[in-house]
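With compact mmCIF, C-alpha atoms inside, this is start.txt:
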```
# COMPACT_ATOMS: atom_id res chain seq x y z
CA TYR W 335 16.25 265.05 100.18
CA THR W 336 16.66 261.92 98.11
CA THR W 337 15.79 261.28 94.52
CA LEU W 338 14.93 258.05 92.78
CA PHE W 339 17.15 258.82 89.80
CA ARG W 340 20.61 259.84 90.93
CA SER W 341 22.66 259.96 87.70
CA LYS W 342 22.31 262.70 85.08
CA HIS W 343 23.71 262.85 81.56
CA VAL W 344 23.86 266.26 79.85
CA VAL W 345 24.93 266.67 76.22
CA MET W 346 24.98 269.75 73.99
CA TRP W 347 25.68 269.87 70.26
CA ARG W 348 26.56 272.44 67.62
CA LEU W 349 25.43 271.18 64.26
CA HIS W 350 27.28 271.44 60.95
CA GLN W 351 24.03 272.76 59.48
CA ASN W 352 21.74 274.14 62.16
CA ASN W 353 18.51 273.84 60.23
CA THR W 354 15.00 272.67 61.04
CA GLU W 355 15.49 269.33 59.27
CA ASN W 356 18.62 268.36 61.24
CA ARG W 357 17.23 269.54 64.59
CA LYS W 358 13.99 267.62 64.00
CA ALA W 359 15.85 264.46 62.94
CA ILE W 360 17.96 264.48 66.11
CA LYS W 361 15.00 265.21 68.37
CA ASP W 362 12.96 262.44 66.74
CA MET W 363 15.78 259.89 67.15
CA LEU W 364 16.32 260.78 70.79
CA ASN W 365 12.65 260.90 71.70
CA LYS W 366 12.26 257.28 70.52
CA LEU W 367 14.77 256.00 73.09
CA PRO W 368 12.55 256.04 76.20
CA GLY W 369 10.80 252.70 76.36
CA LEU W 370 13.50 251.04 74.25
CA ILE W 371 16.25 251.31 76.87
CA PRO W 372 15.26 250.10 80.36
CA ASP W 373 18.04 252.04 82.10
CA LEU W 374 16.83 255.35 80.63
CA LYS W 375 14.45 256.77 83.24
CA SER W 376 13.74 260.15 81.60
CA LEU W 377 14.84 262.14 78.58
CA GLU W 378 14.48 265.80 77.66
CA VAL W 379 15.77 267.28 74.42
CA GLY W 380 15.37 270.87 73.35
CA GLU W 381 16.40 273.45 70.79
CA ASN W 382 18.34 276.45 72.00
CA PHE W 383 16.84 279.91 71.47
CA ASN W 384 19.92 281.75 72.78
CA SER W 385 21.86 283.26 69.87
CA GLY W 386 24.97 284.20 71.86
CA PRO W 387 28.46 283.30 70.64
CA PHE W 388 28.86 280.47 73.17
CA ALA W 389 25.47 278.90 72.50
CA PHE W 390 24.94 275.34 71.33
CA ASP W 391 22.09 274.27 69.04
CA LEU W 392 20.55 271.36 70.97
CA ALA W 393 20.68 270.01 74.52
CA LEU W 394 19.85 266.62 75.98
CA ILE W 395 19.29 265.69 79.63
CA THR W 396 18.73 262.08 80.67
CA THR W 397 18.28 260.55 84.10
CA HIS W 398 19.28 257.10 85.33
CA ALA W 399 18.89 255.22 88.60
CA ASP W 400 22.64 255.26 89.16
CA LYS W 401 26.01 255.38 87.42
CA ALA W 402 25.72 251.72 86.39
CA GLY W 403 22.38 252.47 84.72
CA LEU W 404 23.94 255.37 82.82
CA GLU W 405 26.76 253.11 81.64
CA LYS W 406 24.25 250.48 80.44
CA TYR W 407 22.30 253.19 78.57
CA GLN W 408 25.47 254.41 76.85
CA LYS W 409 26.34 250.88 75.68
CA HIS W 410 22.82 249.95 74.59
CA PRO W 411 22.66 249.26 70.80
CA GLU W 412 19.79 251.74 70.26
CA HIS W 413 21.78 254.52 71.96
CA VAL W 414 24.95 253.61 70.07
CA MET W 415 23.10 253.80 66.75
CA VAL W 416 21.55 257.20 67.56
CA ALA W 417 24.83 258.59 68.90
CA LYS W 418 26.63 257.58 65.70
CA ARG W 419 24.07 259.38 63.53
CA ILE W 420 24.18 262.52 65.69
CA THR W 421 27.98 262.52 65.52
CA GLU W 422 27.67 262.77 61.74
CA LEU W 423 25.45 265.87 62.05
CA ALA W 424 27.34 267.62 64.85
CA LYS W 425 30.55 269.61 64.64
CA ASP W 426 30.93 270.11 68.41
CA ARG W 427 29.72 268.24 71.45
CA VAL W 428 30.10 268.71 75.20
CA VAL W 429 29.09 266.20 77.85
CA VAL W 430 28.68 266.25 81.61
CA ASP W 431 27.76 263.16 83.61
CA PHE W 432 27.13 263.55 87.35
CA GLU W 433 25.46 262.01 90.34
CA LEU W 434 23.21 263.73 92.84
```

As structure tokens:
Amino acid sequence: YTTLFRSKHVVMWRLHQNNTENRKAIKDMLNKLPGLIPDLKSLEVGENFNSGPFAFDLALITTHADKAGLEKYQKHPEHVMVAKRITELAKDRVVVDFEL
């Protein structure tokens, strides 16, 4: 089994204020990135409905052709700008990058 997009980027955030306005702002910013960044092949962002003590508020999954494409995405000015804004809204963040 082979896949066209081999690199995955997974990020989860806990927000300082987990409210509808902040969640919507983050989702809107992220959902504008496809089409702006050539090395971003797909993007999914969702709000968590699990209320457990280890739960995060939002999750992001992106796919890239390879590790080099992921690195280009992370350095792209549009991504850098969005990441900076999300960092202001988030109190915790976890990241996993992996290849299939």

- Query: For the atom pair CA of Leu349 (chain W) and CA of Phe390 (chain W), what is the interatomic distance in Å to one decimal place?
  - Reply: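 Interatomic distance here is 8.2 Å.
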
- Query: Which one is closest to Lys425 (chain W): W:Tyr407, W:Trp347, W:Phe383, W:Phe388? Count only C-alpha atoms.
  - Reply: W:Trp347

- Message: One decimal, in Å: what's the spacing between CA of Arg340 (chain W) and CA of His398 (chain W)?
- Response: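 About the pair CA of Arg340 (chain W) and CA of His398 (chain W): they are 6.4 Å apart.
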
- Message: Just to confirm, what's the straight-line distance from CA of Leu434 (chain W) to CA of Ser376 (chain W) in Å (one decimal)?
- Response: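 Straight-line distance from CA of Leu434 (chain W) to CA of Ser376 (chain W) works out to 15.1 Å.
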
- Query: Closest to Lys401 (chain W) among W:Val416, W:His343, W:Val379, W:Glu422, using all atoms listed in the file?
  - Reply: W:His343

- Message: Calculated over all atoms listed in the file, which of the candidates W:Lys375, W:Val428, W:Leu370, W:Ile420 has the smallest distance to Lys358 (chain W)?
- Response: W:Ile420

- In terms of all atoms listed in the file, the residue from W:Glu433, W:Asp391, W:Glu405, W:Asp400 at minimal distance from Lys361 (chain W) is W:Asp391

- Task: Rank nothing, just name the residue among W:Leu374, W:Phe432, W:Asn384, W:Leu423 nearest to Lys409 (chain W), using all atoms listed in the file.
- Result: W:Leu374

- Item | Residue nearest Thr354 (chain W) - candidates W:Glu378, W:Ser385, W:Leu392, W:Ala417, atoms counted: only C-alpha atoms | W:Leu392

- Residue contacts of Pro372 (chain W) (10 Å, all atoms listed in the file) excluding same-chain residues fewer than 4 positions away, as a VMD selection string: chain W and resid 367 to 368 398 403 406 to 407 410
